[in-house]
Amino acid sequence: MSPSSASPARPWLRALLLALLVAAANFGLWAWANRPVDAPGWSGPIHGFAYSAYRRFQSPLTGDYPTPAEISSDLATLSHYTHRIRTYASLQTPEIPRLARNYGMHVMAGAWLDSDKRHNEQELQALIEQAHRYPHTITRVIVGNEVLLRHDMAPSELMRYLDRARAAIRQPVSTAEPWHIWETYPELADHVDFITVHLLPYWEGVPRKDAVGNVLMHYEQLKRMFPGKPIVIGEVGWPSNGDRYRYAEPSLANEALFLRQWLNVAKAYHIDYYLMEAFDQPWKESLGEGRVGAYWGMFGADRKLKFPLTGPILEDPHWPWKALAASLLALLPMLLFARYFERFRVRGRLFFLALMQLAAGLIAWSVTVPFAFYLDPVDWAMLVILFPAQLAILAVLLINGFEFVEVLWHRRWQRHFPLLDALPPERQPFVSIHLACYNEPPEMVIATLDSLAALDYAHFEVLVIDNNTRDEAVWTPVQAYCEKLGPRFRFYHLAQWPGFKAGALNFGLKETDPRAEVVAVVDADYVVHADWLSRLCGYFENPKVAVVQCPQAHRDFEHNAFRRMTAWEFDGFFRIGMHHRNERNAIIQHGTMTLVRRAALEGDGGWSEWTICEDAELGLRLMHAGYDLVYVDEVMGQGLTPADFTAYKSQRYRWAFGAMQILKARWHWMTEPGPLTPGQRFHFLTGWFSWFADALHLVFTLMALIWTALMLLFPQYFSLPLKLFLIPVLGFFVAKAVFGIWLYRKRVPCSWRDTLMAAIASMGLSHAIARGIWWGLVKQKGEFVRTAKQRRLRGRPSAFAAVREELFMVLGLGAAIVGMVLLFGGRYEEGKLWIAILIAQSIPYLAALAGAWLAHREGERVG
């Protein structure tokens with residue numbers, strides 16, 4: 001094969017090598033996270049198991065009890081490991097002693113005592129009767145389980161029950177309590193034949209590595225305290241799943257390590273014990289122990305041994321299949337990306353491939369999560385909500401990551417458009433500049449007219465179209481000034497004119513000089529550079545070019561903290577997002593400082609009056625018509641930032657609302673075959689994903705508030721979401737912040753302080769954007785609200801008048817956080833993660849309050 005014939009395969013080979021490298025790293029990461037742990041093995045008998053007979057969907061709380069056949073099957077399984085079991089109640093499963101006798105097992109039988117005296121009498125009588133009926137099977141009895149810990153009765157009352165049992169039966173009698181209860185009530189030992197203690201280091205927040213030592217310490221303390229009494233550990237164990245408690249981490253590996261270490265230590269010290277417990281009991285999640293209550297068994301609820309008692313221990317024995325699924329899921333997308341984006345630097349490609357692989361890994365992991373937990377219908381409902389949300393989060397993260405990689409690690413821009421040399425007069429196309437204004441301060445408009453009059457360009461006209469301004473004192477000074485500037489400045493006042501700004505611009509089109517080849521649009525607050533037209537109009541010599549766009553920029557903001565933060569927030573999009581979109585001829589046509597080929601504009605129907613974002617819609621329409629749009633990242637004019645937070649919010653609300661109008665009306669352009677390129681479709685679908693994320697943020701904040709209220713009011717029915725779903729959500733918040741700040745520092749020429757203030761300004765718009773998105777999706781028409789650049793107010797509103805809804809959200813989230821801290825904060829890792837999410841959800845609303853306060857303060861200072 002000749003070198004020339006082999007060369008087309010080389011890019012694919014390079015791409016395949018990169019994709020395989022990342023896939024191998026993914027497999028290695030799974031292997032590292034699930035590396036085997038060595039621990040002493042165990043092959044002998046186990047002293048005993050605490051045994052509750054309930055199966056996966058059975059519960060004493062609902063009266064759904066196991067059958068004798070199911071109990072017999074359990075005992076047959078346990079008989080291979082032990083000859084002793086411990087029970088907790090005598091009324092619910094009275095068949096256990098009879099069935100245990102068939103397997104030669106001894107039973108430490110229990111009577112369940114609580115605050116119901118009638119029930120206690122029935123339990124005690126049933127225990128006494130069973131002790132009499134099965135004297136060789138029931139070898140010891142337990143009257144009450146953690147009764148004093150739960151404060152179900154006074155110690156004196158429990159002692160009376162113990163004395164009655166000791167008088168009625170011959171078997172040794174005890175009651176079961178944690179170690180600190182025995183130390184608090186040492187007189188209890190005078191009423192029992194042996195001490196039964198629960199030693200569960202998880203509930204003391206002890207790290208697993210110190211857990212066996214913790215058990216031995218408390219065991220030795222009790223031996224010294226009660227030298228004449230035998231001591232039986234009635235419960236000792238470690239959970240395999242659930243919520244982290246302080247330093248105690250429940251996991252399959254930790255349970256295996258603890259039990260295997262304990263079995264060897266107990267044998268060495270001749271300790272009498274019952275493992276907590278034989279089989280997982282999913283119903284215990286509703287007992288106030290949190291999710292961890294379901295996972296104490298050495299066997300799962302499916303009656304299978306969770307881990308081997310000899311050999312290496314694996315946290316997730318199925319990890320190779322999950323890692324393989326994640327690698328295969330990501331392999332083709334990674335291959336295609338690595339092939340078609342070779343123009344990115346290698347580190348950029350590797351970064352995005354790793355991001356794609358991470359997303360695939362999270363999907364593979366999330367899909368298998370439900371099979372590691374005992375989920376009830378409420379949990380499943382939560383997963384049905386969270387899993388699609390997680391997919392949406394991953395999509396937003398990948399889209400942001402693509403922008404991050406392209407902007408940061410491109411070798412060169414494919415479509416770079418600099419300022420051109422000034423055109424000589426004989427080559428200059430005639431330009432009609434349209435300035436639409438509504439109720440604008442005349443001195444501001446006059447400043448714009450002065451800058452237009454100073455243009456270093458031979459062939460242009462200026463049409464000032466004032467629409468719907470009622471106060472003659474506002475528009476007549478502008479009219480007079482136009483007359484003063486001469487015949488190339490024409491003024492039109494339109495009373496009760498329809499179509500908002502688009503209607504005014506369409507009127508301007510009809511009045512445009514027939515010689516005009518280019519229509520320029522400038523906002524009423526912009527001061528343009530003298531060479532604006534002469535340095536840009538040369539691009540129209542290419543007949544495919546329909547739009548030449550410069551960035552929006554601002555002036556007079558440096559000494560006003562609010563205007564400064566908004567100015568830099570605006571700048572980020574033009575320094576980052578517009579370059580990213582320009583690579584695929586998909587820029588947003590954003591109205592001001594824009595030049596449009598007149599033939600393309602009129603030939604495609606002019607400005608659309610059905611949307612309040614007529615500029616962005618025109619850009620999409622011209623792309624659909626096959627034209628090129630040019631973005632020149634050079635500031636050729638500066639306007640004013642919004643006057644206050646109300647104006648700032650209303651402007652972004654209008655953009656979000658208008659974006660949804662466009663998306664609904666032009667959806668078929670995105671989904672059906674047509675002239676739009678894949679890159680253009682990508683940007684006009686995903687370019688609004690960050691705004692959709694704001695819309696979803698509002699929805700999920702409201703849902704989080706409702707869920708938190710339900711957990712606080714009805715903890716027996718509503719539990720904390722799984723941490724495996726909460727961690728990616730928090731990771732998304734962090735990653736999005738890192739991407740944004742990193743890009744800002746690289747692309748926007750501002751200080752760290754300005755970067756952080758711009759981030760606050762951006763986050764403060766989240767609620768306004770969310771409202772714009774949702775209303776834009778459900779409403780057909782929106783009202784064009786002028787963005788005020790100056791305010792003339794007789795009495796200033798309160799600082800937070802513009803953010804009342806955000807204030808209510810902050811108060812609601814604050815109440816939810818306080819409630820969570822009081823109920824869950826110090827107990828479970830899931831509780832802390834949920835609090836962290838509530839805090840993260842509150843940040844945009846707090847940012848809005850900060851922005852409103854800053855705008856008010858600066859307004860007061862200026863006033």
# chains A, B, ... in the order shown; residues from 1 in each chain; ligands from 1
$ residues_around --residues "Trp742 in chain A" --least-positions-apart "6" --cutoff "10 Å" --atoms "only C-alpha atoms" --output "ChimeraX atom specification"
/A:404,408,736,755
$ residues_around --residues "His579 in chain A" --least-positions-apart "5" --cutoff "9 Å" --atoms "only C-alpha atoms" --output "JSON, numbers by chain"
{"A": [407, 413, 415, 416, 573, 574, 587, 631, 633]}
$ closest_residue --among "A:Glu157, A:Glu461, A:Glu829, A:Asp64" --to "Leu188 in chain A" --atoms "only C-alpha atoms"
A:Glu157
$ select_by_dssp --residues "range 133-355 of chain A" --states "strand (DSSP E)" --output "number ranges by chain"
A: 138-145, 173-178, 195-199, 231-236, 272-275
$ closest_atom_pairs --of "range 325-441 of chain A" --to "range 498-505 of chain A" --cutoff "8 Å" --atoms "only C-alpha atoms" --output "CSV"
residue,atom,partner,partner_atom,distance
A:His434,CA,A:Leu505,CA,7.0
A:Ala436,CA,A:Ala504,CA,6.4
A:Cys437,CA,A:Lys501,CA,7.9
$ residues_around --residues "Thr708 in chain A" --least-positions-apart "4" --cutoff "9 Å" --atoms "only C-alpha atoms" --output "mmCIF file with N, CA, C and O atoms, in the first residue's frame"
data_model
loop_
_atom_site.group_PDB
_atom_site.id
_atom_site.type_symbol
_atom_site.label_atom_id
_atom_site.label_comp_id
_atom_site.auth_asym_id
_atom_site.auth_seq_id
_atom_site.Cartn_x
_atom_site.Cartn_y
_atom_site.Cartn_z
ATOM 1 N N MET A 703 -39.585 21.889 43.894
ATOM 2 C CA MET A 703 -39.764 20.488 44.284
ATOM 3 C C MET A 703 -38.957 20.162 45.536
ATOM 4 O O MET A 703 -39.420 19.415 46.408
ATOM 5 N N ALA A 704 -37.738 20.713 45.624
ATOM 6 C CA ALA A 704 -36.916 20.466 46.815
ATOM 7 C C ALA A 704 -37.576 21.038 48.057
ATOM 8 O O ALA A 704 -37.533 20.433 49.141
ATOM 9 N N LEU A 712 -39.899 16.770 56.633
ATOM 10 C CA LEU A 712 -39.968 17.323 57.983
ATOM 11 C C LEU A 712 -41.300 16.993 58.650
ATOM 12 O O LEU A 712 -41.346 16.721 59.851
ATOM 13 N N LEU A 713 -42.376 16.997 57.864
ATOM 14 C CA LEU A 713 -43.708 16.758 58.423
ATOM 15 C C LEU A 713 -44.046 15.273 58.525
ATOM 16 O O LEU A 713 -44.717 14.853 59.467
ATOM 17 N N PHE A 718 -41.448 9.922 53.876
ATOM 18 C CA PHE A 718 -40.578 10.581 52.916
ATOM 19 C C PHE A 718 -39.155 10.622 53.459
ATOM 20 O O PHE A 718 -38.919 11.117 54.560
ATOM 21 N N LEU A 720 -34.692 10.908 52.646
ATOM 22 C CA LEU A 720 -33.694 11.657 51.879
ATOM 23 C C LEU A 720 -33.374 10.928 50.582
ATOM 24 O O LEU A 720 -33.308 9.698 50.557
ATOM 25 N N ALA A 816 -36.142 25.828 55.033
ATOM 26 C CA ALA A 816 -35.882 24.416 54.750
ATOM 27 C C ALA A 816 -34.519 23.992 55.276
ATOM 28 O O ALA A 816 -34.369 22.901 55.832
ATOM 29 N N ILE A 817 -33.521 24.844 55.111
ATOM 30 C CA ILE A 817 -32.172 24.522 55.591
ATOM 31 C C ILE A 817 -32.161 24.399 57.114
ATOM 32 O O ILE A 817 -31.581 23.456 57.675
ATOM 33 N N GLY A 819 -34.696 23.674 59.049
ATOM 34 C CA GLY A 819 -35.416 22.448 59.393
ATOM 35 C C GLY A 819 -34.567 21.212 59.183
ATOM 36 O O GLY A 819 -34.573 20.292 60.015
ATOM 37 N N MET A 820 -33.820 21.174 58.090
ATOM 38 C CA MET A 820 -32.966 20.022 57.819
ATOM 39 C C MET A 820 -31.833 19.917 58.831
ATOM 40 O O MET A 820 -31.468 18.822 59.255
#
$ residues_around --residues "Leu536 in chain A" --least-positions-apart "5" --cutoff "9 Å" --atoms "only C-alpha atoms" --output "ChimeraX atom specification"
/A:418-423,531,548-549,595,632
$ closest_residue --among "A:Leu696, A:Ala389, A:Ala852, A:Met159" --to "Leu726 in chain A" --atoms "only C-alpha atoms"
A:Ala389
$ residues_around --residues "range 339-343 of chain A" --least-positions-apart "5" --cutoff "8 Å" --atoms "only C-alpha atoms" --output "ChimeraX atom specification"
/A:11-12,14-15,349,410-412
$ write_last_selection --atoms "C-alpha atoms" --output "PDB file, in the first residue's frame"
ATOM      1  CA  PRO A  11      -6.747  10.591  11.402  1.00  0.00           C
ATOM      2  CA  TRP A  12      -9.120   7.765  12.292  1.00  0.00           C
ATOM      3  CA  ARG A  14      -5.160   8.751  15.894  1.00  0.00           C
ATOM      4  CA  ALA A  15      -8.749   9.290  17.012  1.00  0.00           C
ATOM      5  CA  ARG A 349      -9.445  16.698  23.022  1.00  0.00           C
ATOM      6  CA  HIS A 410      -8.390  25.746  19.696  1.00  0.00           C
ATOM      7  CA  ARG A 411      -5.226  26.084  17.640  1.00  0.00           C
ATOM      8  CA  ARG A 412      -6.764  28.937  15.647  1.00  0.00           C
TER       9      ARG A 412
END
$ closest_residue --among "A:Leu20, A:Met356, A:Ala9, A:Leu375" --to "Leu397 in chain A" --atoms "only C-alpha atoms"
A:Met356
$ closest_residue --among "A:Ser798, A:Thr448, A:Thr67, A:Gln496" --to "Leu849 in chain A" --atoms "only C-alpha atoms"
A:Ser798
$ residues_around --residues "range 152-156 of chain A" --least-positions-apart "2" --cutoff "8 Å" --atoms "only C-alpha atoms" --output "VMD selection string"
chain A and resid 114 to 115 147 to 150 158 to 160 185 188
$ select_by_dssp --residues "range 163-295 of chain A" --states "helix (DSSP H, G or I)" --output "MDAnalysis selection string"
chainID A and resid 163:168 179:184 186:191 201:204 208:225 252:269 282:287 291:294
$ write_last_selection --atoms "C-alpha atoms" --output "short mmCIF file (atom, residue, chain, number, x, y, z; two decimals), in the first residue's frame"
data_model
loop_
_atom_site.label_atom_id
_atom_site.label_comp_id
_atom_site.auth_asym_id
_atom_site.auth_seq_id
_atom_site.Cartn_x
_atom_site.Cartn_y
_atom_site.Cartn_z
CA ASP A 163 -38.79 -10.24 87.82
CA ARG A 164 -42.08 -11.73 86.60
CA ALA A 165 -40.31 -13.58 83.79
CA ARG A 166 -37.60 -14.94 86.08
CA ALA A 167 -40.24 -16.20 88.47
CA ALA A 168 -42.25 -17.89 85.71
CA TRP A 179 -23.66 -0.27 76.81
CA HIS A 180 -24.34 3.25 78.09
CA ILE A 181 -27.80 2.24 79.37
CA TRP A 182 -26.27 -0.50 81.50
CA GLU A 183 -23.77 2.01 82.85
CA THR A 184 -26.51 4.55 83.52
CA PRO A 186 -26.42 -0.47 86.96
CA GLU A 187 -29.24 -1.59 89.28
CA LEU A 188 -30.80 -3.25 86.26
CA ALA A 189 -28.18 -6.03 86.55
CA ASP A 190 -29.76 -7.20 89.83
CA HIS A 191 -32.88 -8.22 87.90
CA PRO A 201 -19.87 1.16 66.67
CA TYR A 202 -21.55 2.55 63.54
CA TRP A 203 -24.08 4.37 65.74
CA GLU A 204 -21.22 5.94 67.66
CA ARG A 208 -14.64 1.07 60.50
CA LYS A 209 -10.91 0.55 61.10
CA ASP A 210 -11.43 1.34 64.80
CA ALA A 211 -14.77 -0.44 65.15
CA VAL A 212 -13.64 -3.83 66.51
CA GLY A 213 -11.44 -2.11 69.08
CA ASN A 214 -14.41 0.03 70.11
CA VAL A 215 -16.53 -3.09 70.68
CA LEU A 216 -13.82 -4.73 72.79
CA MET A 217 -13.34 -1.56 74.85
CA HIS A 218 -17.01 -1.38 75.86
CA TYR A 219 -17.17 -5.14 76.41
CA GLU A 220 -14.24 -4.97 78.82
CA GLN A 221 -15.81 -1.99 80.62
CA LEU A 222 -18.97 -3.98 81.26
CA LYS A 223 -16.98 -6.99 82.45
CA ARG A 224 -15.24 -4.81 85.02
CA MET A 225 -18.50 -3.17 86.03
CA LEU A 252 -20.27 -3.78 51.54
CA ALA A 253 -16.52 -3.90 51.95
CA ASN A 254 -16.68 -2.31 55.39
CA GLU A 255 -19.30 -4.79 56.55
CA ALA A 256 -17.24 -7.70 55.26
CA LEU A 257 -14.05 -6.38 56.87
CA PHE A 258 -15.71 -5.73 60.20
CA LEU A 259 -17.47 -9.10 60.44
CA ARG A 260 -14.46 -11.15 59.35
CA GLN A 261 -12.23 -9.32 61.82
CA TRP A 262 -14.84 -9.62 64.56
CA LEU A 263 -15.38 -13.35 64.07
CA ASN A 264 -11.67 -13.99 64.53
CA VAL A 265 -11.34 -11.65 67.52
CA ALA A 266 -14.44 -13.07 69.24
CA LYS A 267 -13.07 -16.57 68.89
CA ALA A 268 -9.73 -15.51 70.36
CA TYR A 269 -11.41 -13.81 73.37
CA PRO A 282 -35.93 -3.31 54.19
CA TRP A 283 -38.94 -2.43 56.35
CA LYS A 284 -36.65 -1.00 59.01
CA GLU A 285 -35.97 2.10 56.91
CA SER A 286 -39.18 3.57 58.31
CA LEU A 287 -38.15 3.11 61.97
CA ARG A 291 -31.81 4.21 55.06
CA VAL A 292 -29.08 2.31 56.90
CA GLY A 293 -31.62 0.33 58.97
CA ALA A 294 -32.30 -1.95 56.03
#
$ closest_residue --among "A:Val22, A:Leu124, A:Val518, A:Ala524" --to "Ala599 in chain A" --atoms "only C-alpha atoms"
A:Val518
$ atom_distance --atom1 "CA of Val528 in chain A" --atom2 "CA of Arg581 in chain A"
24.6 Å
$ closest_residue --among "A:Ile128, A:Val378, A:Val545, A:Ile612" --to "Gly626 in chain A" --atoms "only C-alpha atoms"
A:Val545
$ atom_distance --atom1 "CA of Phe226 in chain A" --atom2 "CA of Phe194 in chain A"
9.6 Å
